[in-house]
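What's in data-v4.txt: compact mmCIF, C-alpha atoms and all ligand atoms
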# COMPACT_ATOMS: atom_id res chain seq x y z
CA MET A 1 49.34 -125.18 148.27
CA SER A 2 52.51 -123.09 148.57
CA LEU A 3 53.28 -120.60 145.81
CA SER A 4 56.66 -119.77 147.28
CA GLY A 5 59.08 -118.59 144.59
CA LYS A 6 56.26 -117.94 142.09
CA VAL A 7 55.71 -114.63 140.32
CA ALA A 8 52.18 -113.43 139.52
CA ILE A 9 50.47 -110.58 137.72
CA VAL A 10 46.91 -109.72 138.74
CA THR A 11 45.18 -107.12 136.57
CA GLY A 12 42.76 -104.83 138.38
CA GLY A 13 44.37 -105.94 141.64
CA ALA A 14 43.94 -102.82 143.76
CA ARG A 15 40.33 -103.45 144.78
CA GLY A 16 37.42 -105.86 144.63
CA ILE A 17 37.95 -109.44 143.49
CA GLY A 18 41.42 -108.65 142.12
CA ALA A 19 42.65 -107.36 145.48
CA ALA A 20 41.46 -110.53 147.23
CA ILE A 21 43.19 -112.65 144.57
CA ALA A 22 46.44 -110.68 144.90
CA LEU A 23 46.33 -111.04 148.69
CA LYS A 24 45.68 -114.79 148.44
CA LEU A 25 48.61 -115.32 146.05
CA ALA A 26 50.89 -113.25 148.31
CA GLN A 27 49.73 -115.16 151.40
CA GLU A 28 50.80 -118.35 149.61
CA GLY A 29 54.25 -116.82 149.04
CA SER A 30 54.06 -115.50 145.49
CA LYS A 31 55.54 -112.16 144.42
CA VAL A 32 52.63 -110.22 142.93
CA ALA A 33 52.43 -107.32 140.47
CA ILE A 34 49.04 -105.67 140.62
CA THR A 35 47.69 -103.25 138.06
CA TYR A 36 45.23 -100.41 138.40
CA ALA A 37 43.93 -97.81 135.98
CA THR A 38 42.58 -94.86 137.95
CA GLU A 39 44.68 -92.58 140.15
CA SER A 40 42.16 -92.98 143.00
CA SER A 41 43.13 -96.66 143.26
CA ALA A 42 46.83 -95.89 143.91
CA PRO A 43 46.42 -95.62 147.73
CA LYS A 44 44.45 -98.89 147.75
CA ALA A 45 47.19 -100.58 145.73
CA ASN A 46 49.88 -99.33 148.11
CA ALA A 47 47.87 -100.34 151.20
CA LEU A 48 47.56 -103.84 149.78
CA LEU A 49 51.27 -104.10 148.97
CA SER A 50 52.14 -103.02 152.53
CA LYS A 51 50.65 -106.33 153.78
CA PHE A 52 52.95 -108.51 151.66
CA PRO A 53 56.16 -108.42 153.78
CA ALA A 54 54.24 -110.16 156.60
CA PHE A 55 53.95 -113.13 154.22
CA GLY A 56 57.66 -112.99 153.37
CA THR A 57 57.06 -111.65 149.90
CA THR A 58 56.90 -108.44 147.88
CA GLY A 59 54.86 -106.79 145.18
CA VAL A 60 54.63 -103.86 142.86
CA ALA A 61 51.72 -101.67 141.75
CA ILE A 62 51.63 -100.66 138.08
CA GLN A 63 49.30 -98.02 136.70
CA ALA A 64 48.07 -99.01 133.24
CA ASP A 65 44.80 -98.43 131.45
CA PHE A 66 43.68 -101.06 128.96
CA SER A 67 42.32 -98.30 126.75
CA ASP A 68 45.98 -97.95 125.81
CA ASP A 69 47.22 -100.64 123.40
CA ASP A 70 50.70 -100.45 124.92
CA ALA A 71 49.42 -101.37 128.41
CA PRO A 72 49.99 -105.17 128.28
CA LYS A 73 53.66 -104.95 127.24
CA LYS A 74 54.25 -102.11 129.70
CA ILE A 75 52.74 -104.14 132.57
CA VAL A 76 54.87 -107.19 131.82
CA SER A 77 58.13 -105.28 131.43
CA ARG A 78 57.52 -103.25 134.60
CA ALA A 79 56.62 -106.40 136.57
CA LEU A 80 59.83 -108.15 135.48
CA ALA A 81 62.02 -105.10 136.18
CA ASP A 82 60.48 -104.01 139.48
CA LEU A 83 60.20 -107.51 140.93
CA GLY A 84 63.73 -108.34 139.70
CA VAL A 85 62.65 -111.56 137.96
CA LYS A 86 63.02 -113.12 134.51
CA LYS A 87 59.83 -115.19 134.38
CA ILE A 88 56.12 -115.01 135.15
CA ASP A 89 54.37 -118.07 136.60
CA ILE A 90 50.80 -116.86 137.05
CA LEU A 91 48.70 -114.36 135.11
CA VAL A 92 45.25 -113.50 136.44
CA ASN A 93 43.21 -111.53 133.90
CA ASN A 94 40.75 -109.98 136.35
CA ALA A 95 40.28 -106.32 135.33
CA GLY A 96 36.85 -105.63 133.91
CA VAL A 97 34.00 -103.17 133.57
CA ALA A 98 30.29 -103.79 134.04
CA ASP A 99 27.66 -102.54 131.66
CA VAL A 100 23.89 -102.50 131.89
CA HIS A 101 22.10 -100.85 128.95
CA PRO A 102 18.95 -101.72 127.03
CA ILE A 103 19.92 -102.81 123.51
CA GLU A 104 18.37 -99.64 122.05
CA GLU A 105 20.75 -97.47 124.11
CA VAL A 106 24.06 -99.21 123.42
CA THR A 107 26.36 -96.92 121.42
CA PRO A 108 29.40 -98.07 119.44
CA GLU A 109 31.54 -96.38 122.13
CA ILE A 110 29.92 -98.36 124.96
CA PHE A 111 30.21 -101.59 122.99
CA ASP A 112 33.88 -101.03 122.10
CA ASN A 113 34.88 -99.99 125.63
CA VAL A 114 33.37 -103.10 127.24
CA PHE A 115 35.03 -105.41 124.74
CA ARG A 116 38.32 -103.50 124.92
CA ILE A 117 38.64 -103.97 128.68
CA ASN A 118 36.86 -107.28 129.26
CA THR A 119 37.89 -109.28 126.19
CA ARG A 120 40.62 -107.66 124.09
CA ALA A 121 42.85 -106.91 127.10
CA VAL A 122 42.57 -110.53 128.26
CA PHE A 123 43.89 -111.67 124.88
CA PHE A 124 46.73 -109.17 124.64
CA MET A 125 47.80 -109.55 128.30
CA THR A 126 48.09 -113.28 127.66
CA GLN A 127 50.07 -112.64 124.47
CA ALA A 128 52.41 -110.21 126.28
CA VAL A 129 53.18 -112.72 129.05
CA LEU A 130 54.00 -115.66 126.75
CA PRO A 131 57.70 -114.85 126.15
CA TYR A 132 58.22 -115.02 129.93
CA ILE A 133 55.73 -117.66 131.09
CA SER A 134 57.29 -120.56 132.96
CA LYS A 135 56.64 -124.22 132.18
CA GLY A 136 53.91 -125.30 134.58
CA GLY A 137 52.56 -121.75 134.56
CA ARG A 138 48.95 -120.71 134.96
CA ILE A 139 46.79 -118.28 133.01
CA ILE A 140 43.50 -117.65 134.81
CA HIS A 141 40.70 -115.48 133.44
CA VAL A 142 37.80 -113.96 135.38
CA SER A 143 34.57 -114.55 133.48
CA SER A 144 31.04 -114.15 134.89
CA THR A 145 27.85 -116.18 135.21
CA ASN A 146 26.52 -113.62 132.74
CA ALA A 147 28.38 -115.55 130.04
CA ARG A 148 25.83 -118.34 130.59
CA THR A 149 22.65 -116.48 131.55
CA ALA A 150 20.25 -114.09 129.82
CA MET A 151 19.60 -111.06 132.02
CA ALA A 152 17.98 -108.12 130.23
CA GLY A 153 20.33 -105.18 129.77
CA THR A 154 23.55 -107.19 129.89
CA SER A 155 23.94 -108.18 126.25
CA VAL A 156 27.28 -106.46 125.69
CA TYR A 157 28.80 -107.42 129.06
CA SER A 158 27.59 -111.03 128.71
CA ALA A 159 28.99 -111.34 125.19
CA SER A 160 32.33 -109.90 126.34
CA LYS A 161 32.58 -112.72 128.91
CA VAL A 162 31.53 -115.39 126.39
CA GLY A 163 34.64 -114.32 124.49
CA VAL A 164 36.72 -114.84 127.63
CA GLU A 165 35.35 -118.37 128.01
CA ALA A 166 36.17 -119.14 124.36
CA PHE A 167 39.72 -117.88 124.97
CA THR A 168 39.94 -120.23 127.95
CA ARG A 169 39.33 -123.29 125.82
CA VAL A 170 41.33 -122.30 122.75
CA MET A 171 44.27 -120.94 124.76
CA ALA A 172 44.37 -124.17 126.81
CA ALA A 173 44.46 -126.23 123.60
CA GLU A 174 47.01 -124.02 121.86
CA LEU A 175 49.30 -122.88 124.67
CA GLY A 176 49.33 -126.06 126.77
CA PRO A 177 51.41 -128.10 124.31
CA LYS A 178 53.62 -125.12 123.34
CA TYR A 179 54.38 -123.61 126.74
CA GLY A 180 53.33 -126.22 129.30
CA VAL A 181 50.75 -123.88 130.83
CA ASN A 182 47.22 -124.53 132.06
CA VAL A 183 44.56 -122.01 131.12
CA THR A 184 41.38 -121.78 133.18
CA ALA A 185 38.70 -119.31 134.20
CA VAL A 186 36.37 -118.70 137.11
CA ASN A 187 32.84 -117.38 136.64
CA PRO A 188 31.60 -115.46 139.68
CA GLY A 189 27.95 -114.72 140.31
CA PRO A 190 27.16 -111.62 142.36
CA VAL A 191 30.14 -110.55 144.47
CA ALA A 192 30.09 -107.72 147.02
CA THR A 193 32.37 -105.21 145.26
CA ASP A 194 32.16 -101.66 143.93
CA MET A 195 31.11 -103.11 140.56
CA TYR A 196 28.10 -104.91 141.99
CA ASN A 197 27.16 -102.10 144.37
CA SER A 198 27.08 -99.58 141.51
CA ALA A 199 24.72 -101.70 139.39
CA PRO A 200 21.25 -100.22 138.79
CA ASN A 201 18.79 -100.70 141.69
CA GLU A 202 16.38 -102.75 139.58
CA LEU A 203 19.12 -105.24 138.77
CA ARG A 204 20.20 -105.55 142.42
CA ASP A 205 16.57 -105.96 143.54
CA PHE A 206 16.14 -108.69 140.94
CA MET A 207 19.36 -110.39 142.09
CA SER A 208 18.54 -110.19 145.81
CA ASP A 209 15.81 -112.84 145.42
CA ILE A 210 18.02 -115.04 143.27
CA VAL A 211 20.90 -114.77 145.74
CA LYS A 212 18.71 -116.18 148.54
CA ASN A 213 18.49 -119.44 146.58
CA ILE A 214 22.21 -119.93 145.84
CA PRO A 215 22.69 -123.61 146.74
CA ALA A 216 26.03 -123.26 148.54
CA GLY A 217 24.87 -120.63 151.02
CA GLY A 218 21.96 -118.36 150.06
CA ARG A 219 24.16 -115.26 150.04
CA MET A 220 26.27 -112.99 147.86
CA ALA A 221 29.89 -114.01 147.40
CA GLU A 222 32.68 -112.13 149.13
CA PRO A 223 35.82 -111.49 147.04
CA GLU A 224 37.66 -114.07 149.18
CA ASP A 225 35.25 -116.80 148.00
CA ILE A 226 36.55 -116.24 144.48
CA ALA A 227 40.18 -115.72 145.53
CA ASP A 228 40.32 -119.15 147.22
CA ILE A 229 39.30 -120.84 143.96
CA VAL A 230 41.88 -118.83 142.02
CA GLY A 231 44.46 -119.81 144.66
CA PHE A 232 43.73 -123.45 143.89
CA LEU A 233 43.90 -122.86 140.13
CA ALA A 234 47.26 -121.12 140.58
CA SER A 235 48.69 -124.03 142.54
CA ASP A 236 50.17 -127.37 141.54
CA ALA A 237 47.06 -129.04 142.98
CA SER A 238 45.17 -127.92 139.82
CA ARG A 239 47.71 -129.51 137.42
CA TRP A 240 44.99 -131.67 135.80
CA VAL A 241 42.57 -128.78 135.20
CA SER A 242 42.86 -126.89 131.92
CA GLY A 243 40.45 -125.37 129.41
CA ASN A 244 37.70 -125.26 132.03
CA VAL A 245 35.62 -122.50 133.51
CA VAL A 246 35.40 -123.42 137.18
CA THR A 247 32.15 -122.55 138.88
CA ALA A 248 32.76 -119.70 141.32
CA ASN A 249 29.12 -118.92 142.06
CA GLY A 250 27.97 -121.32 144.77
CA GLY A 251 25.94 -123.34 142.27
CA LEU A 252 23.95 -120.38 140.93
CA VAL A 253 24.84 -121.51 137.41
CA MET A 254 25.71 -125.21 137.15
CA MET A 255 27.22 -125.29 133.67
N1 LIG A 301 31.34 -108.10 141.29
C1 LIG A 301 30.63 -109.02 140.65
O1 LIG A 301 29.47 -109.28 141.02
C2 LIG A 301 31.23 -109.80 139.50
C3 LIG A 301 30.53 -110.91 139.03
C4 LIG A 301 31.05 -111.64 137.97
C5 LIG A 301 32.25 -111.29 137.40
N2 LIG A 301 32.92 -110.19 137.86
C6 LIG A 301 34.19 -109.87 137.20
O2 LIG A 301 35.23 -109.83 138.17
C7 LIG A 301 36.25 -108.94 137.74
C8 LIG A 301 36.54 -107.95 138.88
O3 LIG A 301 35.34 -107.27 139.17
P1 LIG A 301 35.10 -106.49 140.55
O4 LIG A 301 33.71 -106.79 140.97
O5 LIG A 301 36.23 -106.71 141.49
O6 LIG A 301 35.07 -105.01 139.97
P2 LIG A 301 35.64 -103.63 140.54
O7 LIG A 301 35.65 -103.65 142.02
O8 LIG A 301 34.86 -102.60 139.81
O9 LIG A 301 37.15 -103.65 140.01
C9 LIG A 301 37.40 -103.59 138.62
C10 LIG A 301 38.89 -103.60 138.41
O10 LIG A 301 39.15 -103.49 137.00
C11 LIG A 301 40.04 -102.41 136.78
N3 LIG A 301 39.75 -101.72 135.52
C12 LIG A 301 38.57 -101.14 135.16
N4 LIG A 301 38.72 -100.48 134.01
C13 LIG A 301 40.00 -100.65 133.62
C14 LIG A 301 40.77 -100.20 132.52
N5 LIG A 301 40.24 -99.39 131.57
N6 LIG A 301 42.07 -100.56 132.44
C15 LIG A 301 42.62 -101.32 133.39
N7 LIG A 301 41.97 -101.78 134.47
C16 LIG A 301 40.66 -101.43 134.59
C17 LIG A 301 39.81 -101.46 137.94
O11 LIG A 301 40.95 -100.63 138.11
P3 LIG A 301 40.86 -99.29 139.06
O12 LIG A 301 40.94 -99.80 140.45
O13 LIG A 301 42.00 -98.47 138.68
O14 LIG A 301 39.55 -98.64 138.73
C18 LIG A 301 39.54 -102.41 139.09
O15 LIG A 301 40.75 -102.83 139.69
C19 LIG A 301 35.73 -108.27 136.47
O16 LIG A 301 36.28 -108.91 135.34
C20 LIG A 301 34.22 -108.51 136.53
O17 LIG A 301 33.63 -108.52 135.26
C21 LIG A 301 32.44 -109.44 138.90

As structure tokens:
Amino acid sequence: MSLSGKVAIVTGGARGIGAAIALKLAQEGSKVAITYATESSAPKANALLSKFPAFGTTGVAIQADFSDDDAPKKIVSRALADLGVKKIDILVNNAGVADVHPIEEVTPEIFDNVFRINTRAVFFMTQAVLPYISKGGRIIHVSSTNARTAMAGTSVYSASKVGVEAFTRVMAAELGPKYGVNVTAVNPGPVATDMYNSAPNELRDFMSDIVKNIPAGGRMAEPEDIADIVGFLASDASRWVSGNVVTANGGLVMM
């Protein structure tokens, strides 16, 4: 499953699931540009990049906040310049924010922020990469089981991920023939990251019982569980997979 010679961008790659994905792609030999938004993630981004030379590859960390409409184009141009390349082979749209609010408490600002980061940025990152995407390239989105479940308090977050899954299908249909790329998504269930650990206690209590019954192991996922699936989707071995959301939740949600 070598990705030697490939060039990847992983959004939100300094921590959590994105960091595990970036590490996996680098371990397979890809050059990787990771993005982060908050200054506090800069040391984490640099610590991650310092591991890449051991795999015979390099990376770059780019600070960009998807609240800024210029972020996608800035990320792509910085990745090309700093990695010294002319093409992108793999885009992983991973950056995201969680949101748990009763419907009565959702403000227009909350609604717009969740969709701006989780849905709109996925679309415009994909658009920004297209002039540079290589034939045989991969665009991989990170959805969530919440796109297919109905947990109270997650209406806005869940809807933002439904949009990501719709993009997966339409982008596969539209971009496959034009650019020779495969577009897929993964849909994690609960993963042990800052995002999950900062969820309200009631939600984590509720999930702890559900997690015990996850068919593939009766446990939470670790970021590496998701990164291995993305590694496959980034590789030539997944050449006959496109337009699909690949289960990345141990069988928690089987559709
Ligand atoms: N953890 C779970 O249980 C779970 C389950 C299903 C799906 N997911 C999805 O998996 C993806 C990664 O989640 P995670 O658990 O790894 O979360 P995380 O640890 O909270 O990391 C979120 C990442 O998104 C970036 N990000 C947040 N706001 C941003 C903004 N305004 N502009 C640009 N980047 C921004 C963060 O950058 P900074 O480092 O700069 O803050 C961070 O790298 C998300 O799409 C999430 O919805 C997670």

Query raised in the report: Could you pull the residues within 9 Å of stretch 148-161 of chain A, counting all atoms listed in the file, minus those fewer than 2 positions along the same chain, as a list in words?
Result: Val97, Ala98, Asp99, Val100, His101, Pro102, Ile103, Val106, Ile110, Phe111, Val114, Phe115, Arg116, Ile117, Asn118, Thr119, Arg120, Val142, Ser143, Ser144, Thr145, Asn146, Gly163, Val164, Glu165, Ala166, Leu203, Val253 and Met255 of chain A

Query raised in the report: What would the list of residues within 12 Å of (51.8, -107.4, 153.2) (file frame) look like as a PyMOL selection string, if all atoms listed in the file are what count?
Result: chain A and resi 19+22-32+45-60

Can I get the selected residues back with C-alpha atoms, as a PDB file, keeping the file's coordinate frame?
ATOM      1  CA  ALA A  19      42.650-107.360 145.480  1.00  0.00           C
ATOM      2  CA  ALA A  22      46.440-110.680 144.900  1.00  0.00           C
ATOM      3  CA  LEU A  23      46.330-111.040 148.690  1.00  0.00           C
ATOM      4  CA  LYS A  24      45.680-114.790 148.440  1.00  0.00           C
ATOM      5  CA  LEU A  25      48.610-115.320 146.050  1.00  0.00           C
ATOM      6  CA  ALA A  26      50.890-113.250 148.310  1.00  0.00           C
ATOM      7  CA  GLN A  27      49.730-115.160 151.400  1.00  0.00           C
ATOM      8  CA  GLU A  28      50.800-118.350 149.610  1.00  0.00           C
ATOM      9  CA  GLY A  29      54.250-116.820 149.040  1.00  0.00           C
ATOM     10  CA  SER A  30      54.060-115.500 145.490  1.00  0.00           C
ATOM     11  CA  LYS A  31      55.540-112.160 144.420  1.00  0.00           C
ATOM     12  CA  VAL A  32      52.630-110.220 142.930  1.00  0.00           C
ATOM     13  CA  ALA A  45      47.190-100.580 145.730  1.00  0.00           C
ATOM     14  CA  ASN A  46      49.880 -99.330 148.110  1.00  0.00           C
ATOM     15  CA  ALA A  47      47.870-100.340 151.200  1.00  0.00           C
ATOM     16  CA  LEU A  48      47.560-103.840 149.780  1.00  0.00           C
ATOM     17  CA  LEU A  49      51.270-104.100 148.970  1.00  0.00           C
ATOM     18  CA  SER A  50      52.140-103.020 152.530  1.00  0.00           C
ATOM     19  CA  LYS A  51      50.650-106.330 153.780  1.00  0.00           C
ATOM     20  CA  PHE A  52      52.950-108.510 151.660  1.00  0.00           C
ATOM     21  CA  PRO A  53      56.160-108.420 153.780  1.00  0.00           C
ATOM     22  CA  ALA A  54      54.240-110.160 156.600  1.00  0.00           C
ATOM     23  CA  PHE A  55      53.950-113.130 154.220  1.00  0.00           C
ATOM     24  CA  GLY A  56      57.660-112.990 153.370  1.00  0.00           C
ATOM     25  CA  THR A  57      57.060-111.650 149.900  1.00  0.00           C
ATOM     26  CA  THR A  58      56.900-108.440 147.880  1.00  0.00           C
ATOM     27  CA  GLY A  59      54.860-106.790 145.180  1.00  0.00           C
ATOM     28  CA  VAL A  60      54.630-103.860 142.860  1.00  0.00           C
TER      29      VAL A  60
END

If we count all atoms listed in the file, what is near A:Ala237 at a cut-off of 12 Å, once residues fewer than 3 positions away on the same chain are taken out, given as a PDB file with C-alpha atoms, in the coordinates of the input?
ATOM      1  CA  MET A   1      49.340-125.180 148.270  1.00  0.00           C
ATOM      2  CA  SER A   2      52.510-123.090 148.570  1.00  0.00           C
ATOM      3  CA  LEU A   3      53.280-120.600 145.810  1.00  0.00           C
ATOM      4  CA  GLY A 136      53.910-125.300 134.580  1.00  0.00           C
ATOM      5  CA  ARG A 138      48.950-120.710 134.960  1.00  0.00           C
ATOM      6  CA  ASN A 182      47.220-124.530 132.060  1.00  0.00           C
ATOM      7  CA  ILE A 229      39.300-120.840 143.960  1.00  0.00           C
ATOM      8  CA  VAL A 230      41.880-118.830 142.020  1.00  0.00           C
ATOM      9  CA  GLY A 231      44.460-119.810 144.660  1.00  0.00           C
ATOM     10  CA  PHE A 232      43.730-123.450 143.890  1.00  0.00           C
ATOM     11  CA  LEU A 233      43.900-122.860 140.130  1.00  0.00           C
ATOM     12  CA  ALA A 234      47.260-121.120 140.580  1.00  0.00           C
ATOM     13  CA  TRP A 240      44.990-131.670 135.800  1.00  0.00           C
ATOM     14  CA  VAL A 241      42.570-128.780 135.200  1.00  0.00           C
TER      15      VAL A 241
END

Report task. Pick out the residues no farther than 6 Å from ligand LIG 301 (chain A), counting all atoms listed in the file, and list them as a ChimeraX atom specification. Result -> /A:12-18,36-38,41,64-67,94-98,117,142-144,188-196

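The coordinates place atom CA of A:Asp68 at 17.8 Å from atom CA of A:Pro108.
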
Query raised in the report: Could you work out how far atom CA of A:Ile139 lies from atom CA of A:Asn249, giving the answer in Å with one decimal?
Result: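 Between these atoms lies a distance of 19.9 Å.
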
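The smallest atom-to-atom distance between A:Leu80 and any of A:Val122, A:Ala8, A:Ala147, A:Ile140, using all atoms listed in the file, is found for A:Ala8.
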
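In this model, the gap between atom CA of A:Val129 and atom CA of A:Asn244 comes to 20.1 Å.
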
Requested in this report: Compare A:Thr168, A:Asn187, A:Ser235, A:Gln127 by their minimum atom-to-atom distance to A:Met254, counting all atoms listed in the file, and give me the closest one.
Outcome: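 Nearest candidate to A:Met254 out of A:Thr168, A:Asn187, A:Ser235, A:Gln127: A:Asn187.
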
Query raised in the report: With all atoms listed in the file as the basis for distance, which of A:Lys178, A:Thr184, A:Pro223, A:Ala173 is at the shortest distance from A:Ser238?
Result: A:Thr184

Query - All residues 6 Å or closer to A:Lys135, all atoms listed in the file, same chain fewer than 2 positions away omitted, as a list of chain:residue names - result: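 The neighbour list is A:Gly137, A:Tyr179, A:Gly180.
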
Report task. Could you check which of A:Ile210, A:Ala128, A:Val186, A:Val85 is closest to A:Asp225, using all atoms listed in the file? Result ->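 Answer, going by the shortest atom-to-atom distance: A:Val186.
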
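Residue nearest A:Lys74 within the list A:Val170, A:Ile21, A:Val245, A:Met125: A:Met125 [criterion: smallest interatomic distance, all atoms listed in the file].
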
Centre and edge lengths, as JSON, for the axis-aligned box enclosing every listed atom of stretch 202-207 of chain A with 3 Å of padding on each of the six sides, in Å to one decimal?
{"center_x": 18.2, "center_y": -106.6, "center_z": 141.2, "size_x": 10.1, "size_y": 13.6, "size_z": 10.8}
